[in-house]
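**Q** Let me begin by handing over the structure; questions about it come next.
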Amino acid sequence: MKENEFIEYKKSISELKEAVETISGMLNKHGKGEILFGIRNDGKAIGMEIGAKTVRDISKTILENIEPKIHPEIKEEMIDGKKCIKVSFLGSEQPYFAYGRAFIRIGEETRRIGPAELEGMFAKKNKELYRWDNKICDKATVSDISLFKLKAFVEKAGLKFETKENTLKKLGLVHDEKPLNAAVLMFGSKPQEFFPNAKMRGAVFLNGGTMLDSKDYEGDLFYLIEEAQKYILQNIHIGERIEGLIRVDVPEINPDAIREAVVNAFCHRNYYLYGSVDIAIYPDRVEIRSPGKLYGGLTIERIVKGNVSERRNELIADLLHRVHMVERWGRGIEKILLAEPNARFVEIGRQFKTVFPRKVVNTPQKTPQKTPQIKLTDLEQTIVDELKSNPTLSRVELAKNLKLSPETVKEYLEKLKTKGAIRRIGPDKGGHWEVLE
């Protein structure tokens, strides 16, 4: 029988140190294995001298040099008429270290584990402990969840809406009547009040670093994803082609690839880090920067060649999957490269970047036209904030919330419509307000 990932042969206990390293490698790969002493590498039993202390010495060496501790089964065996020793072991507390170093079993060989792979093993071991999205948002209550946003999600996901509380429970977004971080980030009326990093920044640069445009966005995850895509498409070249009798816009970077990269940036980012998702647009490239390097021991080589993924935020990923924004199969990188084969992925500092080369056009670069800001009074801004939090508010409900008369509220709503700050969608009953940027 040949050596494999579960079995290793040693001629004698003079090779005990190498055997201990192999135990670490097998435990880290499969959680079990066997070492047989008194057998050559080719599987031929040659036997060995077994003294009164032999088994005890093997047991002591393993106990003192493997961390976490294991208690292997060590016994004498007759193999082909030769005296041998078999060491069998099990363990599920990966990673295991031998002499302070971690190993992995690959085929018939045992090799050292690299830093990235080791980090991934620790992340996997402590995944639930260090997850962010399934932790309770201590300062929030269910009342901080927008009924309008939650209903819109449920409808798009093809689910049945009951009450706000029951819907959140069915989605696994509450614990002890308190909303989880994922609930507030995705459906909160104002997530930025609880999470300063619930934001996205966009900027356009000239060669040399001169900034032409800069915008900051705050809000729930769906809003930030939408605005990030729009910001890129508004600041890159748009061509056109004819399909039948219709002109179709053709952005210089495939919109599907942009969408996948943006969704990945928000879905898999490290929310324990303070920074925002950043969109940086240069004359020759577009960069989508996400806080947090690859998760779970993944490397750029593995995600590009292996079509593999590890989810840092399982709950967020599941919610995005329900509305068809991510796949369970983790094919985001593959889809990006199918649409944009020259896209690159970079890890730098504590960031992961997706870089799309642009199709350089020899035309003068113009400063983007900024939309003039609407000046609002304090009361007007308060009304806008109320409508942003709950777009279905009626005039009477708004008056009650603000402790104003319905006539005063009506007057200010008309002013805001005239200024272009809000507009009414649908009838008075059953419609809603839309806050315009």
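By convention here, the chains of the structure tokens are called A, B, ... in the order presented, each chain's residues are numbered starting at 1, and ligands are numbered starting at 1 in the order presented.
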With the cut-off set at 10 Å and counting only C-alpha atoms, tabulate each residue of stretch 279-322 of chain A with an atom at most that distance from an atom of stretch 139-162 of chain A, showing the nearest atom pair and its distance in Å to one decimal, ordered by chain and increasing number, as JSON lines.

**A**
{"residue": "A:Leu319", "atom": "CA", "partner": "A:Ala157", "partner_atom": "CA", "distance": 8.9}
{"residue": "A:Leu320", "atom": "CA", "partner": "A:Ala157", "partner_atom": "CA", "distance": 9.4}
{"residue": "A:His321", "atom": "CA", "partner": "A:Ala157", "partner_atom": "CA", "distance": 9.0}
{"residue": "A:Arg322", "atom": "CA", "partner": "A:Ala157", "partner_atom": "CA", "distance": 5.4}

**Q** Taking only stretch 76-308 of chain A into account, list the residues labelled strand (DSSP E) by DSSP (computed from the backbone), as number ranges by chain.

**A** A: 76-79, 82-90, 97-98, 101-106, 109-112, 174-175, 178-179, 199-205, 211-218, 238-243, 246-251, 277-281, 285-291

**Q** Rounded to one decimal place, report the atom CA of A:Ala183-atom CA of A:Lys124 distance in Å.

**A** 23.5 Å

**Q** May I ask which of the residues A:Leu294, A:Ile23, A:Ile300, A:Ile288 is the closest one to A:Arg201, counting only C-alpha atoms?

**A**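 Smallest separation from A:Arg201 among the options: A:Ile288.
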
**Q** From the options A:Leu379, A:Val184, A:Val346, A:Val204, which residue's atoms come nearest to A:Glu301, counting only C-alpha atoms?

**A**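 Looking at the shortest contact to A:Glu301, the residue is A:Val346.
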
**Q** Could you please write out, as a count of residues only, every residue of stretch 185-308 of chain A that DSSP assigns to alpha helix (DSSP H)?

**A** 37

**Q** Residues at most 10 Å from A:Ile236, counting only C-alpha atoms, excluding those fewer than 4 positions away in the same chain, as a PyMOL selection string?

**A** chain A and resi 204+231-232+251-253+281-283+285-286+358-359

**Q** Could you pull the residues within 9 Å of stretch 172-175 of chain A, counting only C-alpha atoms, minus those fewer than 4 positions along the same chain, as a list in words?

**A** Asn134, Lys135, Ile136, Val142, Glu165, Thr167, Leu168, Pro179, Leu180, Asn181, Ala182, Ala183, Val184 and Leu315 of chain A

**Q** Residues as selected, C-alpha atoms, written as a compact mmCIF listing (two decimals), in the first residue's frame, can you do that?

**A**
# COMPACT_ATOMS: atom_id res chain seq x y z
CA ASN A 134 -25.17 38.52 12.49
CA LYS A 135 -24.33 40.58 15.58
CA ILE A 136 -27.04 42.55 17.41
CA VAL A 142 -37.12 47.44 15.23
CA GLU A 165 -41.45 41.96 13.31
CA THR A 167 -40.87 39.34 8.48
CA LEU A 168 -37.57 40.21 10.17
CA PRO A 179 -32.31 43.94 14.92
CA LEU A 180 -29.03 42.51 13.69
CA ASN A 181 -26.38 44.62 11.97
CA ALA A 182 -27.42 43.24 8.56
CA ALA A 183 -31.03 44.34 9.13
CA VAL A 184 -30.05 47.92 9.97
CA LEU A 315 -26.35 36.91 6.09

**Q** Identify which of the residues A:Thr377, A:Gln229, A:Asn207, A:Asn4 lies closest to A:Lys29, counting only C-alpha atoms when measuring atom-to-atom distances.

**A**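 The answer is A:Asn4, which sits nearest to A:Lys29.
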
**Q** So, with only C-alpha atoms as the atoms that count, which of A:Glu414, A:Asp138, A:Asp249, A:Glu287 lies closest to A:Phe345?

**A**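 That would be A:Glu287, the residue with the smallest distance to A:Phe345.
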
**Q** In terms of the shortest atom-to-atom distance over only C-alpha atoms, which of A:Trp433, A:His30, A:Ala339, A:Phe187 is closest to A:Ile383?

**A**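 Answer, going by the shortest atom-to-atom distance: A:Trp433.
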
**Q** Tell me, as a PyMOL selection string, which residues lie within 10 Å of A:Ala198, counting only C-alpha atoms; anything in the same chain fewer than 2 positions away does not count.

**A** chain A and resi 185-186+190-196+200+217-221+224+266+271+274-277

**Q** Smallest atom-to-atom distance to A:Gly426: which of A:Thr392, A:Ser12, A:Glu411, A:Asp176, using only C-alpha atoms?

**A** A:Thr392

**Q** As a list in words, please: the residues near A:Asp80 (cut-off 9 Å, only C-alpha atoms, same-chain neighbours under 4 positions excluded).

**A** Lys44, Ala45, Ile46 and Gly47 of chain A

**Q** Might you pull out every residue within 12 Å of A:Lys305, with only C-alpha atoms counted and same-chain residues fewer than 6 positions away left off, and present them as a PyMOL selection string?

**A** chain A and resi 298-299+331+333-334+337

**Q** What does the file look like for those residues with N, CA and C atoms, as a compact mmCIF listing (two decimals), in the first residue's frame?

**A**
# COMPACT_ATOMS: atom_id res chain seq x y z
N LEU A 298 -8.25 32.81 0.89
CA LEU A 298 -8.25 32.91 -0.57
C LEU A 298 -7.09 33.79 -1.04
N THR A 299 -6.62 33.50 -2.23
CA THR A 299 -5.61 34.34 -2.88
C THR A 299 -6.17 34.79 -4.22
N ARG A 331 -19.74 32.85 -8.43
CA ARG A 331 -19.14 32.99 -9.76
C ARG A 331 -18.91 34.46 -10.14
N ILE A 333 -16.35 36.59 -9.78
CA ILE A 333 -15.07 36.88 -10.44
C ILE A 333 -15.08 36.31 -11.86
N GLU A 334 -15.59 35.10 -12.00
CA GLU A 334 -15.66 34.49 -13.33
C GLU A 334 -16.50 35.34 -14.28
N LEU A 337 -14.62 38.48 -15.41
CA LEU A 337 -13.58 38.21 -16.41
C LEU A 337 -14.16 37.78 -17.75

**Q** Mind running stretch 55-160 of chain A against stretch 17-21 of chain A at 12 Å and telling me each contacting residue's nearest atom pair with the distance in Å (one decimal), counting only C-alpha atoms, chain and number ascending, as a tab-separated table?

**A**
residue	atom	partner	partner_atom	distance
A:Asp57	CA	A:Lys17	CA	11.8
A:Ile58	CA	A:Val20	CA	9.3
A:Ser59	CA	A:Val20	CA	10.4
A:Lys60	CA	A:Val20	CA	11.1
A:Thr61	CA	A:Val20	CA	8.0
A:Ile62	CA	A:Val20	CA	6.3
A:Leu63	CA	A:Val20	CA	9.7
A:Glu64	CA	A:Val20	CA	10.2
A:Asn65	CA	A:Val20	CA	7.5
A:Ile66	CA	A:Val20	CA	7.3
A:Glu67	CA	A:Val20	CA	10.8
A:Ile70	CA	A:Val20	CA	11.4
A:Pro72	CA	A:Val20	CA	11.4
A:Lys86	CA	A:Ala19	CA	11.7
A:Val87	CA	A:Ala19	CA	9.8
A:Ser88	CA	A:Ala19	CA	11.9
A:Phe89	CA	A:Val20	CA	11.2
A:Tyr96	CA	A:Glu21	CA	9.6
A:Phe97	CA	A:Glu21	CA	8.0
A:Ala98	CA	A:Glu21	CA	5.4
A:Tyr99	CA	A:Glu21	CA	7.8
A:Gly100	CA	A:Glu21	CA	10.0
A:Arg101	CA	A:Glu21	CA	8.4
A:Ala102	CA	A:Glu21	CA	8.0
A:Phe103	CA	A:Glu21	CA	6.6
A:Ile104	CA	A:Glu21	CA	8.8
A:Arg105	CA	A:Glu21	CA	9.6
A:Glu109	CA	A:Glu21	CA	10.7
A:Thr110	CA	A:Glu21	CA	7.5
A:Arg111	CA	A:Glu21	CA	8.7
A:Arg112	CA	A:Glu21	CA	9.1
A:Ile113	CA	A:Glu21	CA	11.4

**Q** Could the residues in this selection be written to a file with N, CA and C atoms, as a CSV table (one decimal), in the first residue's frame?

**A**
chain,number,residue,atom,x,y,z
A,57,ASP,N,7.7,7.0,24.6
A,57,ASP,CA,8.5,8.1,24.0
A,57,ASP,C,7.7,8.7,22.8
A,58,ILE,N,7.1,7.9,22.0
A,58,ILE,CA,6.3,8.4,20.9
A,58,ILE,C,5.2,9.3,21.4
A,59,SER,N,4.5,8.7,22.4
A,59,SER,CA,3.3,9.4,23.0
A,59,SER,C,3.7,10.8,23.6
A,60,LYS,N,4.9,10.8,24.3
A,60,LYS,CA,5.3,12.0,25.0
A,60,LYS,C,5.8,13.0,23.9
A,61,THR,N,6.4,12.6,22.9
A,61,THR,CA,6.9,13.6,21.9
A,61,THR,C,5.7,14.2,21.2
A,62,ILE,N,4.7,13.4,20.9
A,62,ILE,CA,3.5,14.0,20.2
A,62,ILE,C,2.8,14.9,21.1
A,63,LEU,N,2.6,14.5,22.4
A,63,LEU,CA,1.9,15.4,23.4
A,63,LEU,C,2.6,16.7,23.6
A,64,GLU,N,3.9,16.7,23.6
A,64,GLU,CA,4.6,17.9,23.9
A,64,GLU,C,4.8,18.8,22.7
A,65,ASN,N,4.6,18.3,21.5
A,65,ASN,CA,5.0,19.2,20.3
A,65,ASN,C,3.8,19.4,19.4
A,66,ILE,N,2.7,18.9,19.6
A,66,ILE,CA,1.5,19.2,18.8
A,66,ILE,C,0.6,20.1,19.6
A,67,GLU,N,0.2,21.2,19.0
A,67,GLU,CA,-0.8,22.1,19.6
A,67,GLU,C,-1.9,22.4,18.6
A,70,ILE,N,-3.4,16.6,21.3
A,70,ILE,CA,-4.2,15.4,20.8
A,70,ILE,C,-3.8,14.2,21.6
A,72,PRO,N,-3.3,10.5,20.6
A,72,PRO,CA,-3.4,9.4,19.6
A,72,PRO,C,-3.5,8.0,20.2
A,86,LYS,N,1.8,1.3,15.1
A,86,LYS,CA,0.8,2.2,14.3
A,86,LYS,C,0.3,3.3,15.3
A,87,VAL,N,0.4,4.5,14.8
A,87,VAL,CA,-0.2,5.7,15.5
A,87,VAL,C,-1.4,6.2,14.7
A,88,SER,N,-2.5,6.2,15.4
A,88,SER,CA,-3.8,6.7,14.8
A,88,SER,C,-4.2,7.9,15.5
A,89,PHE,N,-4.7,8.9,14.8
A,89,PHE,CA,-5.1,10.2,15.5
A,89,PHE,C,-6.3,10.9,14.8
A,96,TYR,N,-3.6,22.9,13.5
A,96,TYR,CA,-2.7,22.2,14.4
A,96,TYR,C,-1.2,22.6,14.1
A,97,PHE,N,-0.4,22.8,15.1
A,97,PHE,CA,1.0,23.2,15.0
A,97,PHE,C,1.9,22.1,15.5
A,98,ALA,N,3.0,21.9,14.8
A,98,ALA,CA,4.1,21.0,15.2
A,98,ALA,C,5.3,21.8,15.4
A,99,TYR,N,5.9,21.8,16.6
A,99,TYR,CA,7.1,22.6,16.9
A,99,TYR,C,6.9,24.1,16.5
A,100,GLY,N,5.7,24.6,16.8
A,100,GLY,CA,5.3,26.0,16.6
A,100,GLY,C,5.1,26.4,15.1
A,101,ARG,N,5.0,25.4,14.2
A,101,ARG,CA,4.7,25.7,12.8
A,101,ARG,C,3.6,24.8,12.3
A,102,ALA,N,2.8,25.3,11.4
A,102,ALA,CA,1.7,24.6,10.9
A,102,ALA,C,2.0,24.0,9.5
A,103,PHE,N,1.5,22.8,9.3
A,103,PHE,CA,1.8,22.0,8.1
A,103,PHE,C,0.5,21.6,7.4
A,104,ILE,N,0.6,21.2,6.2
A,104,ILE,CA,-0.6,20.7,5.4
A,104,ILE,C,-0.1,19.5,4.6
A,105,ARG,N,-1.0,18.5,4.5
A,105,ARG,CA,-0.6,17.2,3.7
A,105,ARG,C,-1.1,17.4,2.3
A,109,GLU,N,3.2,14.3,0.4
A,109,GLU,CA,4.2,15.2,1.0
A,109,GLU,C,3.5,16.0,2.0
A,110,THR,N,4.4,16.5,3.0
A,110,THR,CA,3.9,17.4,4.0
A,110,THR,C,4.7,18.7,3.8
A,111,ARG,N,4.0,19.8,3.7
A,111,ARG,CA,4.7,21.1,3.5
A,111,ARG,C,4.2,22.2,4.5
A,112,ARG,N,4.9,23.2,4.7
A,112,ARG,CA,4.6,24.3,5.6
A,112,ARG,C,3.4,25.1,5.0
A,113,ILE,N,2.5,25.5,5.9
A,113,ILE,CA,1.4,26.4,5.5
A,113,ILE,C,1.8,27.8,5.5

**Q** Enter the distance from atom CA of A:Ala265 to atom CA of A:Cys137, in Å, rounded to one decimal.

**A**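 Between these atoms lies a distance of 21.9 Å.
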